[in-house]
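The next block holds one structure in the form of structure tokens; read it before the comments.
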Amino acid sequence: MTAFETYHPIVLFAFFLSVIGIGMFIMHPVFLVITICAAMSVNFAFRRGRFLRDWKLYVPLFIIMAIINPLISHDGKMVLFYLNGNAVTVEAICYGVAMATMLTAVMLWFSSYNEVMTSDKFLYLFGKLSPVLALTLSITIRLVPRFQHQLMRIARAQKTMGMDYTTGSLVNRAKCTMRIISILITWALENAIETADSMKARGYGIGKRSSFSLFLFEKRDGIMLGMISFLVALLLTASALGYATFYYYPTFTAIDWSWNSITVYAIYTALLMIPLVIEVRETRKWKYLKSKM
């Protein structure tokens with residue numbers, strides 16, 4: 001267990017809600033670089049070896065998402081070449097890369113969320129308010145890393161059968177990818193039926209649920225929650241003032257490197273790096289205590 005996981009569930013949920021919510025709506029290049037670097041660092045800190053294993057999936061998905069936009073969007077002033085009479089522009093390529101970066105970062109944040117915010121913590125927060133909604137959201141969020149894990153298993157199994165989506169011609173790769181996705185969808189539908197049958201067999205929905213938890217809201221939780229809220233408020237204010245605005249079409253807008261903008265970038269970095277700062281601080285504390293023993 002990491003040091004960040006020991007905080008109260010409301011602190012953990014507030015952090016991931018903030019970073020995922022902000023990361024999904026800001027397409028500014030500087031913010032995207034900060035987001036993907038922080039998401040990778042936090043995910044590695046929480047998942048270690050599994051982080052390196054999952055990148056075999058993230059890289060192909062990143063490439064696919066990045067090349068889709070230039071093929072369907074032909075806006076922009078800087079034309080590289082024409083494909084079947086349609087312009088392929090630098091702006092469309094950069095926007096595709098930005099979109100792929102944003103989606104990859106969100107997937108990494110969700111993976112970290114699933115590692116830290118367990119089902120019992122989520123149900124503790126929302127179980128009394130709306131048990132059905134809490135359970136539904138818990139299952140839905142858990143599906144993201146489960147789908148990633150199952151997708152890798154399917155891809156490895158297909159590779160042993162000669163259906164490798166990373167080699168061969170473009171047509172062969174597309175065929176193998178569609179086969180993997182088809183198998184994943186079938187597995188997801190079967191898993192949903194099994195989950196529903198299991199819940200029914202265990203008597204879900206028959207009577208009123210009871211719950212028990214040992215989560216205590218301490219002083220450090222209040223300080224951390226206040227810090228997250230303060231940083232988010234600053235970022236929302238900066239976004240409303242236009243510091244997070246960036247346009248790719250019809251051509252790129254200039255990136256602002258004024259002191260105000262740099263301060264906003266630093267605030268965003270501080271918010272995203274909270275888990276790593278906590279881990280480093282706790283590691284140093286333990287090393288210091290061991291040296292005194």
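Just so we're on the same page: first chain in the structure tokens is A, next is B, and so on; residues restart at 1 for each chain, and ligands are numbered from 1 in the order they show up.
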Shell of 8 Å around A:Tyr165, only C-alpha atoms, local chain residues under 3 positions omitted, as a PyMOL selection string: chain A and resi 155+159+168+172-177
For the interface of stretch 202-264 of chain A with stretch 93-99 of chain A (cut-off 10 Å, counting only C-alpha atoms), please tabulate each contacting residue of stretch 202-264 of chain A alongside its nearest pair of atoms and their separation in Å to one decimal, rows sorted by chain and increasing number, as JSON lines.
{"residue": "A:Tyr247", "atom": "CA", "partner": "A:Tyr95", "partner_atom": "CA", "distance": 9.3}
{"residue": "A:Tyr248", "atom": "CA", "partner": "A:Tyr95", "partner_atom": "CA", "distance": 6.5}
{"residue": "A:Tyr249", "atom": "CA", "partner": "A:Tyr95", "partner_atom": "CA", "distance": 8.8}
{"residue": "A:Phe252", "atom": "CA", "partner": "A:Cys94", "partner_atom": "CA", "distance": 9.5}
For A:Lys121, which residue among A:Thr6, A:Ser182, A:Ser239, A:Ser258 is the nearest when counting only C-alpha atoms? A:Thr6
If we count only C-alpha atoms and set the cut-off at 12 Å, which residues sit around A:Pro70, ignoring sequence neighbours fewer than 2 positions away in its own chain? Please answer as number ranges by chain. A: 63-68, 72-76, 79-83, 86-99
In stretch 2-126 of chain A, DSSP helix (DSSP H, G or I) residues written as a PyMOL selection string: chain A and resi 4-6+9-23+29-47+49-72+90-116+119-126
List the neighbours of A:Phe16 out to 12 Å using only C-alpha atoms; skip same-chain residues closer than 3 positions along the sequence, and give me the result as a VMD selection string. chain A and resid 4 9 to 13 19 to 24 39 42 106 to 117 141 225 228 232 271 to 275
Could you write out the selected residues, including N, CA and C atoms, as a short mmCIF file (atom, residue, chain, number, x, y, z; two decimals), in the first residue's frame?
data_model
loop_
_atom_site.label_atom_id
_atom_site.label_comp_id
_atom_site.auth_asym_id
_atom_site.auth_seq_id
_atom_site.Cartn_x
_atom_site.Cartn_y
_atom_site.Cartn_z
N PHE A 4 -0.23 7.46 -0.26
CA PHE A 4 -1.39 8.23 -0.73
C PHE A 4 -2.69 7.47 -0.50
N PRO A 9 -11.13 8.34 1.87
CA PRO A 9 -11.68 8.15 0.52
C PRO A 9 -12.15 9.43 -0.15
N ILE A 10 -12.68 10.38 0.61
CA ILE A 10 -13.16 11.62 -0.01
C ILE A 10 -12.00 12.43 -0.58
N VAL A 11 -10.82 12.34 0.04
CA VAL A 11 -9.64 13.03 -0.47
C VAL A 11 -9.18 12.38 -1.77
N LEU A 12 -9.12 11.05 -1.78
CA LEU A 12 -8.71 10.32 -2.97
C LEU A 12 -9.66 10.58 -4.13
N PHE A 13 -10.97 10.54 -3.84
CA PHE A 13 -11.96 10.75 -4.89
C PHE A 13 -11.90 12.18 -5.42
N VAL A 19 -8.31 15.79 -11.38
CA VAL A 19 -7.32 15.62 -12.44
C VAL A 19 -7.95 15.04 -13.71
N ILE A 20 -8.90 14.10 -13.55
CA ILE A 20 -9.56 13.54 -14.72
C ILE A 20 -10.48 14.55 -15.36
N GLY A 21 -11.23 15.28 -14.53
CA GLY A 21 -12.15 16.28 -15.06
C GLY A 21 -11.44 17.39 -15.81
N ILE A 22 -10.35 17.88 -15.24
CA ILE A 22 -9.59 18.94 -15.91
C ILE A 22 -8.88 18.40 -17.14
N GLY A 23 -8.29 17.20 -17.02
CA GLY A 23 -7.54 16.63 -18.13
C GLY A 23 -8.39 16.30 -19.35
N MET A 24 -9.69 16.07 -19.15
CA MET A 24 -10.57 15.71 -20.26
C MET A 24 -11.00 16.91 -21.09
N ALA A 39 0.64 11.65 -15.29
CA ALA A 39 -0.14 10.41 -15.30
C ALA A 39 0.77 9.19 -15.37
N VAL A 42 2.66 8.87 -11.84
CA VAL A 42 1.79 8.37 -10.77
C VAL A 42 1.41 6.92 -11.01
N VAL A 106 -5.97 10.09 -19.69
CA VAL A 106 -7.19 9.77 -18.95
C VAL A 106 -7.24 8.27 -18.61
N MET A 107 -6.84 7.43 -19.55
CA MET A 107 -6.79 5.99 -19.29
C MET A 107 -5.82 5.67 -18.16
N LEU A 108 -4.68 6.35 -18.14
CA LEU A 108 -3.70 6.14 -17.07
C LEU A 108 -4.24 6.60 -15.73
N TRP A 109 -4.96 7.73 -15.72
CA TRP A 109 -5.54 8.21 -14.47
C TRP A 109 -6.60 7.25 -13.96
N PHE A 110 -7.42 6.72 -14.87
CA PHE A 110 -8.43 5.75 -14.45
C PHE A 110 -7.77 4.48 -13.92
N SER A 111 -6.67 4.07 -14.53
CA SER A 111 -5.95 2.89 -14.05
C SER A 111 -5.41 3.13 -12.64
N SER A 112 -4.86 4.31 -12.40
CA SER A 112 -4.38 4.66 -11.06
C SER A 112 -5.53 4.75 -10.08
N TYR A 113 -6.64 5.33 -10.54
CA TYR A 113 -7.84 5.43 -9.70
C TYR A 113 -8.29 4.05 -9.23
N ASN A 114 -8.33 3.11 -10.15
CA ASN A 114 -8.78 1.76 -9.79
C ASN A 114 -7.84 1.09 -8.81
N GLU A 115 -6.56 1.47 -8.86
CA GLU A 115 -5.58 0.89 -7.95
C GLU A 115 -5.74 1.45 -6.54
N VAL A 116 -6.12 2.73 -6.43
CA VAL A 116 -6.18 3.42 -5.14
C VAL A 116 -7.59 3.42 -4.57
N MET A 117 -8.55 3.79 -5.41
CA MET A 117 -9.94 3.95 -4.96
C MET A 117 -10.68 2.62 -5.13
N ILE A 141 -16.51 2.16 -13.59
CA ILE A 141 -15.13 2.62 -13.53
C ILE A 141 -14.17 1.44 -13.49
N LEU A 225 -7.54 17.98 1.51
CA LEU A 225 -8.75 18.31 0.76
C LEU A 225 -8.84 19.81 0.49
N ILE A 228 -6.30 20.63 -2.31
CA ILE A 228 -6.79 20.24 -3.64
C ILE A 228 -7.87 21.21 -4.11
N VAL A 232 -7.60 23.60 -7.44
CA VAL A 232 -8.62 23.47 -8.49
C VAL A 232 -9.31 24.80 -8.73
N LEU A 271 -0.80 20.30 -8.57
CA LEU A 271 -1.99 19.49 -8.32
C LEU A 271 -1.77 18.04 -8.73
N LEU A 272 -1.24 17.83 -9.91
CA LEU A 272 -1.08 16.48 -10.44
C LEU A 272 0.00 15.68 -9.71
N MET A 273 0.97 16.37 -9.13
CA MET A 273 2.09 15.67 -8.51
C MET A 273 1.88 15.44 -7.02
N ILE A 274 0.72 15.72 -6.50
CA ILE A 274 0.45 15.52 -5.08
C ILE A 274 0.76 14.09 -4.62
N PRO A 275 0.29 13.04 -5.33
CA PRO A 275 0.60 11.67 -4.86
C PRO A 275 2.09 11.38 -4.80
#
Please list as an NGL selection string every residue within 9 Å of stretch 145-152 of chain A, counting only C-alpha atoms and excluding residues in the same chain fewer than 2 positions away. :A and (54 or 56-57 or 107 or 110-111 or 114 or 141-143 or 154-157 or 180-181 or 183-184 or 187-188)
Selection file, N, CA, C and O atoms, as a PDB file, in the first residue's frame:
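Writing the result to part-v9.pdb gives the following:
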ATOM      1  N   ASP A  54       1.547  -2.711 -19.531  1.00  0.00           N
ATOM      2  CA  ASP A  54       0.377  -2.131 -20.187  1.00  0.00           C
ATOM      3  C   ASP A  54       0.743  -1.222 -21.346  1.00  0.00           C
ATOM      4  O   ASP A  54      -0.092  -0.966 -22.215  1.00  0.00           O
ATOM      5  N   LYS A  56       2.471  -1.840 -23.808  1.00  0.00           N
ATOM      6  CA  LYS A  56       2.372  -2.577 -25.070  1.00  0.00           C
ATOM      7  C   LYS A  56       0.994  -2.380 -25.701  1.00  0.00           C
ATOM      8  O   LYS A  56       0.832  -2.551 -26.912  1.00  0.00           O
ATOM      9  N   LEU A  57       0.027  -2.034 -24.877  1.00  0.00           N
ATOM     10  CA  LEU A  57      -1.319  -1.728 -25.372  1.00  0.00           C
ATOM     11  C   LEU A  57      -1.482  -0.238 -25.648  1.00  0.00           C
ATOM     12  O   LEU A  57      -2.086   0.145 -26.655  1.00  0.00           O
ATOM     13  N   MET A 107      -6.836   7.427 -19.554  1.00  0.00           N
ATOM     14  CA  MET A 107      -6.794   5.986 -19.289  1.00  0.00           C
ATOM     15  C   MET A 107      -5.818   5.668 -18.159  1.00  0.00           C
ATOM     16  O   MET A 107      -6.095   4.821 -17.301  1.00  0.00           O
ATOM     17  N   PHE A 110      -7.419   6.717 -14.865  1.00  0.00           N
ATOM     18  CA  PHE A 110      -8.426   5.746 -14.454  1.00  0.00           C
ATOM     19  C   PHE A 110      -7.774   4.475 -13.917  1.00  0.00           C
ATOM     20  O   PHE A 110      -8.266   3.864 -12.964  1.00  0.00           O
ATOM     21  N   SER A 111      -6.670   4.074 -14.531  1.00  0.00           N
ATOM     22  CA  SER A 111      -5.950   2.893 -14.046  1.00  0.00           C
ATOM     23  C   SER A 111      -5.409   3.130 -12.641  1.00  0.00           C
ATOM     24  O   SER A 111      -5.496   2.256 -11.766  1.00  0.00           O
ATOM     25  N   ASN A 114      -8.331   3.109 -10.146  1.00  0.00           N
ATOM     26  CA  ASN A 114      -8.780   1.764  -9.791  1.00  0.00           C
ATOM     27  C   ASN A 114      -7.841   1.089  -8.808  1.00  0.00           C
ATOM     28  O   ASN A 114      -8.266   0.258  -7.999  1.00  0.00           O
ATOM     29  N   ILE A 141     -16.514   2.159 -13.587  1.00  0.00           N
ATOM     30  CA  ILE A 141     -15.133   2.621 -13.532  1.00  0.00           C
ATOM     31  C   ILE A 141     -14.169   1.444 -13.486  1.00  0.00           C
ATOM     32  O   ILE A 141     -13.081   1.480 -14.078  1.00  0.00           O
ATOM     33  N   ARG A 142     -14.565   0.378 -12.822  1.00  0.00           N
ATOM     34  CA  ARG A 142     -13.703  -0.798 -12.725  1.00  0.00           C
ATOM     35  C   ARG A 142     -13.554  -1.500 -14.075  1.00  0.00           C
ATOM     36  O   ARG A 142     -12.581  -2.224 -14.309  1.00  0.00           O
ATOM     37  N   LEU A 143     -14.503  -1.271 -14.982  1.00  0.00           N
ATOM     38  CA  LEU A 143     -14.444  -1.930 -16.276  1.00  0.00           C
ATOM     39  C   LEU A 143     -13.281  -1.446 -17.127  1.00  0.00           C
ATOM     40  O   LEU A 143     -12.774  -2.195 -17.969  1.00  0.00           O
ATOM     41  N   ILE A 154      -6.335 -11.270 -24.717  1.00  0.00           N
ATOM     42  CA  ILE A 154      -6.846 -11.687 -26.016  1.00  0.00           C
ATOM     43  C   ILE A 154      -5.782 -11.488 -27.097  1.00  0.00           C
ATOM     44  O   ILE A 154      -5.588 -12.351 -27.962  1.00  0.00           O
ATOM     45  N   ALA A 155      -5.085 -10.344 -27.033  1.00  0.00           N
ATOM     46  CA  ALA A 155      -4.058 -10.057 -28.033  1.00  0.00           C
ATOM     47  C   ALA A 155      -2.932 -11.079 -27.974  1.00  0.00           C
ATOM     48  O   ALA A 155      -2.435 -11.537 -29.018  1.00  0.00           O
ATOM     49  N   ARG A 156      -2.523 -11.477 -26.749  1.00  0.00           N
ATOM     50  CA  ARG A 156      -1.470 -12.489 -26.622  1.00  0.00           C
ATOM     51  C   ARG A 156      -1.933 -13.840 -27.141  1.00  0.00           C
ATOM     52  O   ARG A 156      -1.175 -14.563 -27.807  1.00  0.00           O
ATOM     53  N   ALA A 157      -3.192 -14.197 -26.844  1.00  0.00           N
ATOM     54  CA  ALA A 157      -3.731 -15.468 -27.325  1.00  0.00           C
ATOM     55  C   ALA A 157      -3.820 -15.492 -28.847  1.00  0.00           C
ATOM     56  O   ALA A 157      -3.478 -16.497 -29.496  1.00  0.00           O
ATOM     57  N   ILE A 180      -9.781  -8.932 -32.503  1.00  0.00           N
ATOM     58  CA  ILE A 180      -9.551  -8.791 -31.061  1.00  0.00           C
ATOM     59  C   ILE A 180     -10.683  -7.999 -30.420  1.00  0.00           C
ATOM     60  O   ILE A 180     -11.195  -8.361 -29.350  1.00  0.00           O
ATOM     61  N   ILE A 181     -11.101  -6.898 -31.066  1.00  0.00           N
ATOM     62  CA  ILE A 181     -12.184  -6.079 -30.525  1.00  0.00           C
ATOM     63  C   ILE A 181     -13.489  -6.860 -30.473  1.00  0.00           C
ATOM     64  O   ILE A 181     -14.263  -6.764 -29.510  1.00  0.00           O
ATOM     65  N   ILE A 183     -13.839 -10.117 -30.117  1.00  0.00           N
ATOM     66  CA  ILE A 183     -13.746 -11.065 -28.999  1.00  0.00           C
ATOM     67  C   ILE A 183     -13.942 -10.350 -27.675  1.00  0.00           C
ATOM     68  O   ILE A 183     -14.609 -10.858 -26.763  1.00  0.00           O
ATOM     69  N   LEU A 184     -13.376  -9.138 -27.551  1.00  0.00           N
ATOM     70  CA  LEU A 184     -13.512  -8.364 -26.317  1.00  0.00           C
ATOM     71  C   LEU A 184     -14.975  -7.993 -26.055  1.00  0.00           C
ATOM     72  O   LEU A 184     -15.450  -8.097 -24.918  1.00  0.00           O
ATOM     73  N   TRP A 187     -16.809 -11.056 -24.857  1.00  0.00           N
ATOM     74  CA  TRP A 187     -16.451 -11.333 -23.457  1.00  0.00           C
ATOM     75  C   TRP A 187     -17.172 -10.373 -22.515  1.00  0.00           C
ATOM     76  O   TRP A 187     -17.651 -10.766 -21.441  1.00  0.00           O
ATOM     77  N   ALA A 188     -17.251  -9.086 -22.899  1.00  0.00           N
ATOM     78  CA  ALA A 188     -17.901  -8.079 -22.050  1.00  0.00           C
ATOM     79  C   ALA A 188     -19.381  -8.398 -21.861  1.00  0.00           C
ATOM     80  O   ALA A 188     -19.923  -8.294 -20.746  1.00  0.00           O
TER      81      ALA A 188
END
Find the residues near A:Met224: any atom within 10 Å, counting only C-alpha atoms, skip ones fewer than 2 places away on the same chain, and give them as a PDB file with N, CA, C and O atoms, in the first residue's frame.
ATOM      1  N   TYR A   7      -4.981   7.987   2.796  1.00  0.00           N
ATOM      2  CA  TYR A   7      -5.839   9.148   3.044  1.00  0.00           C
ATOM      3  C   TYR A   7      -7.309   8.754   2.956  1.00  0.00           C
ATOM      4  O   TYR A   7      -7.663   7.698   2.414  1.00  0.00           O
ATOM      5  N   HIS A   8      -8.152   9.608   3.480  1.00  0.00           N
ATOM      6  CA  HIS A   8      -9.587   9.348   3.510  1.00  0.00           C
ATOM      7  C   HIS A   8     -10.134   9.223   2.082  1.00  0.00           C
ATOM      8  O   HIS A   8      -9.654   9.908   1.162  1.00  0.00           O
ATOM      9  N   VAL A  11     -10.822  12.340   0.036  1.00  0.00           N
ATOM     10  CA  VAL A  11      -9.640  13.027  -0.472  1.00  0.00           C
ATOM     11  C   VAL A  11      -9.176  12.376  -1.772  1.00  0.00           C
ATOM     12  O   VAL A  11      -8.870  13.059  -2.757  1.00  0.00           O
ATOM     13  N   LEU A  12      -9.125  11.050  -1.778  1.00  0.00           N
ATOM     14  CA  LEU A  12      -8.707  10.324  -2.974  1.00  0.00           C
ATOM     15  C   LEU A  12      -9.663  10.584  -4.133  1.00  0.00           C
ATOM     16  O   LEU A  12      -9.239  10.823  -5.270  1.00  0.00           O
ATOM     17  N   ALA A  14     -11.710  13.146  -4.532  1.00  0.00           N
ATOM     18  CA  ALA A  14     -11.623  14.552  -4.948  1.00  0.00           C
ATOM     19  C   ALA A  14     -10.413  14.768  -5.848  1.00  0.00           C
ATOM     20  O   ALA A  14     -10.485  15.512  -6.838  1.00  0.00           O
ATOM     21  N   PHE A  15      -9.301  14.125  -5.530  1.00  0.00           N
ATOM     22  CA  PHE A  15      -8.095  14.292  -6.354  1.00  0.00           C
ATOM     23  C   PHE A  15      -8.315  13.743  -7.758  1.00  0.00           C
ATOM     24  O   PHE A  15      -8.067  14.438  -8.755  1.00  0.00           O
ATOM     25  N   LYS A 219      -7.145  15.225  10.608  1.00  0.00           N
ATOM     26  CA  LYS A 219      -6.725  16.596  10.327  1.00  0.00           C
ATOM     27  C   LYS A 219      -5.963  16.690   9.012  1.00  0.00           C
ATOM     28  O   LYS A 219      -6.163  17.627   8.225  1.00  0.00           O
ATOM     29  N   ARG A 220      -5.084  15.722   8.754  1.00  0.00           N
ATOM     30  CA  ARG A 220      -4.301  15.743   7.522  1.00  0.00           C
ATOM     31  C   ARG A 220      -5.199  15.612   6.295  1.00  0.00           C
ATOM     32  O   ARG A 220      -4.910  16.162   5.232  1.00  0.00           O
ATOM     33  N   ASP A 221      -6.330  14.881   6.441  1.00  0.00           N
ATOM     34  CA  ASP A 221      -7.283  14.751   5.339  1.00  0.00           C
ATOM     35  C   ASP A 221      -7.928  16.094   5.028  1.00  0.00           C
ATOM     36  O   ASP A 221      -8.120  16.452   3.860  1.00  0.00           O
ATOM     37  N   GLY A 222      -8.278  16.840   6.084  1.00  0.00           N
ATOM     38  CA  GLY A 222      -8.863  18.151   5.880  1.00  0.00           C
ATOM     39  C   GLY A 222      -7.895  19.121   5.205  1.00  0.00           C
ATOM     40  O   GLY A 222      -8.285  19.892   4.328  1.00  0.00           O
ATOM     41  N   GLY A 226      -8.471  20.607   1.480  1.00  0.00           N
ATOM     42  CA  GLY A 226      -8.453  22.046   1.289  1.00  0.00           C
ATOM     43  C   GLY A 226      -7.427  22.476   0.248  1.00  0.00           C
ATOM     44  O   GLY A 226      -7.685  23.374  -0.565  1.00  0.00           O
ATOM     45  N   MET A 227      -6.251  21.819   0.245  1.00  0.00           N
ATOM     46  CA  MET A 227      -5.223  22.144  -0.730  1.00  0.00           C
ATOM     47  C   MET A 227      -5.682  21.811  -2.143  1.00  0.00           C
ATOM     48  O   MET A 227      -5.493  22.603  -3.084  1.00  0.00           O
ATOM     49  N   ILE A 228      -6.295  20.632  -2.314  1.00  0.00           N
ATOM     50  CA  ILE A 228      -6.792  20.241  -3.637  1.00  0.00           C
ATOM     51  C   ILE A 228      -7.867  21.214  -4.112  1.00  0.00           C
ATOM     52  O   ILE A 228      -7.857  21.652  -5.271  1.00  0.00           O
ATOM     53  N   SER A 229      -8.785  21.561  -3.220  1.00  0.00           N
ATOM     54  CA  SER A 229      -9.860  22.492  -3.583  1.00  0.00           C
ATOM     55  C   SER A 229      -9.300  23.855  -3.970  1.00  0.00           C
ATOM     56  O   SER A 229      -9.767  24.481  -4.935  1.00  0.00           O
ATOM     57  N   PHE A 230      -8.294  24.307  -3.243  1.00  0.00           N
ATOM     58  CA  PHE A 230      -7.684  25.619  -3.530  1.00  0.00           C
ATOM     59  C   PHE A 230      -7.003  25.616  -4.895  1.00  0.00           C
ATOM     60  O   PHE A 230      -7.175  26.555  -5.691  1.00  0.00           O
ATOM     61  N   ILE A 274       0.716  15.719  -6.504  1.00  0.00           N
ATOM     62  CA  ILE A 274       0.450  15.519  -5.077  1.00  0.00           C
ATOM     63  C   ILE A 274       0.761  14.087  -4.619  1.00  0.00           C
ATOM     64  O   ILE A 274       1.434  13.895  -3.599  1.00  0.00           O
TER      65      ILE A 274
END
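Taking atom CA of A:Lys77 and atom CA of A:Thr251 as endpoints, the distance between them is 6.1 Å.
You will find atom CA of A:Phe25 at 9.8 Å from atom CA of A:Ala244.
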Among stretch 83-262 of chain A, which ones does DSSP place in strand (DSSP E or B), written as a PyMOL selection string? chain A and resi 83+86-89
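Counting only C-alpha atoms and comparing A:Gln158, A:Ser261, A:Asp120, A:Arg284, the residue that lies closest to A:Leu241 is A:Ser261.
Here atom CA of A:Phe215 stands at a distance of 28.7 Å from atom CA of A:Thr269.
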